[in-house]
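Trainee: Take a look at this one; I'll ask things after.
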Amino acid sequence: MTTALIGKTGPLTQKARVAVLARSNTNPLAATLARAGHETFDHSDWTALRADPEFAAVDLVFCDEALALDVPADIDVPVLQFTDRASTQTGSTLPTISLAMLDGCLDALLVLASALGQSLSRQRELDRIVAGLHSGTAMVGRSPVMRRLSSAISRAADSDATVLIEGPTGAGKSLAARMIHCKSRRGNKPILVVECATATADSLTKSLTEGKGTTLVLENIEHLPAQAQSVLVRSLKERSPAPANPAARIVATTAAHLPELVARGAFREDLFYRLHAMPIVVPALKERTDDIQLLAQSIADSATSTSGRSGQLTPAALMLLEAMTWPGNVAQLEATVRRALLQAGGGPVEREHIQPQNQASPAAAVRPGPQANNATEDLTEESILPFEEEEQRMFSRALRATKGNVRRAAQLLGIGRATLYRKIQQYRLSLQ
């Protein structure tokens, strides 16, 4: 559904995007829809409709009887057949409506079609996510730390060992836990997730029983109450390897440093050692800055995959995202990209559309340079250089300061070495 109709009342407060397929040169249905204020796409066959770049944003398809028997299998929006006869009995199995009946139920019909279309879009997105979880492509990244993480997830999926997933908030620990489940032999069963902050001894006992044969994810295990910790220790001690009665496979996540909690007496030492059978560390975003541009575009593609609108991030926007700090990790990056898409209004995302969370302006979240605290510096318009010139000077200054040490220069700039090498080639910078 798209923009609202001015002054329109009734059950449908937005105009719909409707494709009308008819082999006849005269198409009364398209005219009826247009008079009602809806956006129509008029085509004579399915091939022409699928070639229309606007088809991705269509809410509903009407086709005449001549085309109703040839609906392509990959059409995933609601399709209705229309006829100019009083009877709706045709040779097709599609829902059929007579043009004579259409005027009285058009708005209600489009409301239902829109709701169904949105449901189908959500289902496609869920299917895409599940497919990514099974294949391992849901976690985006090509950096060395991400390749190591992918290997660790695959090893964990091939085992029934208890897994402890460690990493900062927002880094993707829950996603890693779901990937382990989906890639394991238990992946055909529903995953069971427990938030430890709200768990009790009784509720955990129930979850351990319900989770037999599948994966039980204990999120934020550091918040598990003492009595519930005792229940979990007892379960891990008593579980039997007998295949006839498989216990719940435990995957725990934590953003805390559990050995420190053990030392303070806030977490059971025996539980820590039993959970630590197969530890996996999900890196913070600052440890994988080479992945930021790839992650950001992947987030944008996912957010716009069913809208039919642009989700492209410009090179300048991607470079700004890569230069920013991300204390909230991937979760913060996702929120920033989705907000930028809204700011862009369907067009390409530029630098000015990026508004970091908890910051007054995009520049406030960029890693500070050596003059960031010089509040007395007088600025004039003449002192502002084009972005690429400023960027070239910044990289050149870092390389001169480190005497051409790319690794150290990348650390000072807070970017990955691959990114710096790319900039060295782009600007033909000297390492001397």
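Following the order of the structure tokens, first chain is A, next is B, and so on, with residues numbered from 1 inside each chain and ligands from 1 in the order they appear.
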Residues within 10 Å of stretch 403-408 of chain A, please, as a PyMOL selection string. Count only C-alpha atoms; anything in the same chain fewer than 4 positions from it doesn't count.
Mentor: chain A and resi 396-399+412-418+420-421+424+429-432
Trainee: Nearest to A:Thr419: which of A:Asn329, A:Asp290, A:Pro283, A:His353 is it, counting only C-alpha atoms?
Mentor: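 Looking only at the distances to A:Thr419, the closest residue turns out to be A:Asp290.
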Trainee: My list of candidates is A:Ala256, A:Leu67, A:Met319, A:Leu295. Which is closest to A:Glu334 when distances are computed with only C-alpha atoms?
Mentor: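 Using only C-alpha atoms, A:Glu334 sits closest to A:Leu295.
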Trainee: Do you have the atom CA of A:Ala171-atom CA of A:Arg351 distance handy?
Mentor: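 Separation between atom CA of A:Ala171 and atom CA of A:Arg351: 24.0 Å.
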Trainee: Considering only C-alpha atoms, can you say which of A:Pro315, A:Pro53, A:Pro190, A:Gly211 comes closest to A:Ile250?
Mentor: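 Comparing A:Pro315, A:Pro53, A:Pro190, A:Gly211 against A:Ile250, the winner is A:Gly211.
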Trainee: Could you pull out all residues of stretch 25-70 of chain A with a DSSP call of strand (DSSP E or B) and give them as a PyMOL selection string?
Mentor: chain A and resi 39-43+60-64
Trainee: Which residues in stretch 228-279 of chain A does DSSP call alpha helix (DSSP H)? List them as a PDB file with N, CA and C atoms, in the first residue's frame.
Mentor:
ATOM      1  N   ALA A 228      17.735 -21.508  40.040  1.00  0.00           N
ATOM      2  CA  ALA A 228      17.667 -22.027  38.670  1.00  0.00           C
ATOM      3  C   ALA A 228      19.030 -22.539  38.223  1.00  0.00           C
ATOM      4  N   GLN A 229      20.111 -21.917  38.693  1.00  0.00           N
ATOM      5  CA  GLN A 229      21.449 -22.421  38.386  1.00  0.00           C
ATOM      6  C   GLN A 229      21.617 -23.836  38.930  1.00  0.00           C
ATOM      7  N   SER A 230      21.094 -24.071  40.131  1.00  0.00           N
ATOM      8  CA  SER A 230      21.179 -25.416  40.723  1.00  0.00           C
ATOM      9  C   SER A 230      20.427 -26.427  39.876  1.00  0.00           C
ATOM     10  N   VAL A 231      19.257 -26.031  39.374  1.00  0.00           N
ATOM     11  CA  VAL A 231      18.471 -26.928  38.514  1.00  0.00           C
ATOM     12  C   VAL A 231      19.248 -27.268  37.254  1.00  0.00           C
ATOM     13  N   LEU A 232      19.889 -26.266  36.657  1.00  0.00           N
ATOM     14  CA  LEU A 232      20.634 -26.487  35.414  1.00  0.00           C
ATOM     15  C   LEU A 232      21.857 -27.370  35.646  1.00  0.00           C
ATOM     16  N   VAL A 233      22.569 -27.150  36.759  1.00  0.00           N
ATOM     17  CA  VAL A 233      23.720 -27.993  37.079  1.00  0.00           C
ATOM     18  C   VAL A 233      23.292 -29.442  37.226  1.00  0.00           C
ATOM     19  N   ARG A 234      22.203 -29.657  37.949  1.00  0.00           N
ATOM     20  CA  ARG A 234      21.720 -31.028  38.161  1.00  0.00           C
ATOM     21  C   ARG A 234      21.337 -31.678  36.832  1.00  0.00           C
ATOM     22  N   SER A 235      20.704 -30.913  35.956  1.00  0.00           N
ATOM     23  CA  SER A 235      20.308 -31.461  34.657  1.00  0.00           C
ATOM     24  C   SER A 235      21.525 -31.833  33.815  1.00  0.00           C
ATOM     25  N   LEU A 236      22.554 -30.968  33.816  1.00  0.00           N
ATOM     26  CA  LEU A 236      23.758 -31.258  33.039  1.00  0.00           C
ATOM     27  C   LEU A 236      24.525 -32.451  33.605  1.00  0.00           C
ATOM     28  N   LYS A 237      24.459 -32.648  34.911  1.00  0.00           N
ATOM     29  CA  LYS A 237      25.132 -33.792  35.545  1.00  0.00           C
ATOM     30  C   LYS A 237      24.423 -35.100  35.213  1.00  0.00           C
ATOM     31  N   GLU A 238      23.084 -35.076  35.219  1.00  0.00           N
ATOM     32  CA  GLU A 238      22.302 -36.311  35.144  1.00  0.00           C
ATOM     33  C   GLU A 238      21.956 -36.734  33.725  1.00  0.00           C
ATOM     34  N   LEU A 258      32.044 -14.276  32.674  1.00  0.00           N
ATOM     35  CA  LEU A 258      31.594 -15.209  33.709  1.00  0.00           C
ATOM     36  C   LEU A 258      32.664 -15.534  34.752  1.00  0.00           C
ATOM     37  N   PRO A 259      33.948 -15.693  34.399  1.00  0.00           N
ATOM     38  CA  PRO A 259      34.937 -15.951  35.456  1.00  0.00           C
ATOM     39  C   PRO A 259      34.960 -14.867  36.530  1.00  0.00           C
ATOM     40  N   GLU A 260      34.707 -13.629  36.131  1.00  0.00           N
ATOM     41  CA  GLU A 260      34.643 -12.548  37.122  1.00  0.00           C
ATOM     42  C   GLU A 260      33.443 -12.733  38.045  1.00  0.00           C
ATOM     43  N   LEU A 261      32.307 -13.148  37.484  1.00  0.00           N
ATOM     44  CA  LEU A 261      31.120 -13.401  38.306  1.00  0.00           C
ATOM     45  C   LEU A 261      31.352 -14.594  39.230  1.00  0.00           C
ATOM     46  N   VAL A 262      32.064 -15.597  38.735  1.00  0.00           N
ATOM     47  CA  VAL A 262      32.399 -16.753  39.573  1.00  0.00           C
ATOM     48  C   VAL A 262      33.269 -16.308  40.751  1.00  0.00           C
ATOM     49  N   ALA A 263      34.255 -15.463  40.468  1.00  0.00           N
ATOM     50  CA  ALA A 263      35.155 -14.989  41.528  1.00  0.00           C
ATOM     51  C   ALA A 263      34.406 -14.196  42.589  1.00  0.00           C
ATOM     52  N   GLU A 269      30.593 -21.913  40.010  1.00  0.00           N
ATOM     53  CA  GLU A 269      31.803 -22.307  39.295  1.00  0.00           C
ATOM     54  C   GLU A 269      31.587 -23.605  38.521  1.00  0.00           C
ATOM     55  N   ASP A 270      30.903 -24.569  39.140  1.00  0.00           N
ATOM     56  CA  ASP A 270      30.676 -25.844  38.453  1.00  0.00           C
ATOM     57  C   ASP A 270      29.787 -25.675  37.234  1.00  0.00           C
ATOM     58  N   LEU A 271      28.842 -24.734  37.298  1.00  0.00           N
ATOM     59  CA  LEU A 271      27.990 -24.467  36.142  1.00  0.00           C
ATOM     60  C   LEU A 271      28.811 -23.831  35.021  1.00  0.00           C
ATOM     61  N   PHE A 272      29.690 -22.906  35.378  1.00  0.00           N
ATOM     62  CA  PHE A 272      30.527 -22.270  34.357  1.00  0.00           C
ATOM     63  C   PHE A 272      31.338 -23.305  33.593  1.00  0.00           C
ATOM     64  N   TYR A 273      31.978 -24.240  34.308  1.00  0.00           N
ATOM     65  CA  TYR A 273      32.815 -25.236  33.637  1.00  0.00           C
ATOM     66  C   TYR A 273      31.987 -26.167  32.756  1.00  0.00           C
ATOM     67  N   ARG A 274      30.777 -26.486  33.188  1.00  0.00           N
ATOM     68  CA  ARG A 274      29.924 -27.355  32.367  1.00  0.00           C
ATOM     69  C   ARG A 274      29.409 -26.631  31.130  1.00  0.00           C
ATOM     70  N   LEU A 275      29.139 -25.343  31.236  1.00  0.00           N
ATOM     71  CA  LEU A 275      28.696 -24.561  30.082  1.00  0.00           C
ATOM     72  C   LEU A 275      29.844 -24.310  29.107  1.00  0.00           C
TER      73      LEU A 275
END
Trainee: Which is closer to A:Pro246 than all the others in A:Leu208, A:Val140, A:Val194, A:Ala323, using only C-alpha atoms?
Mentor: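 Under the stated criterion, the closest residue is A:Leu208.
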Trainee: Nearest residue to A:Ala152 out of A:Ala197, A:Leu204, A:Pro279, A:Gln227, using only C-alpha atoms?
Mentor: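 For A:Ala152, the nearest of the candidates is A:Pro279.
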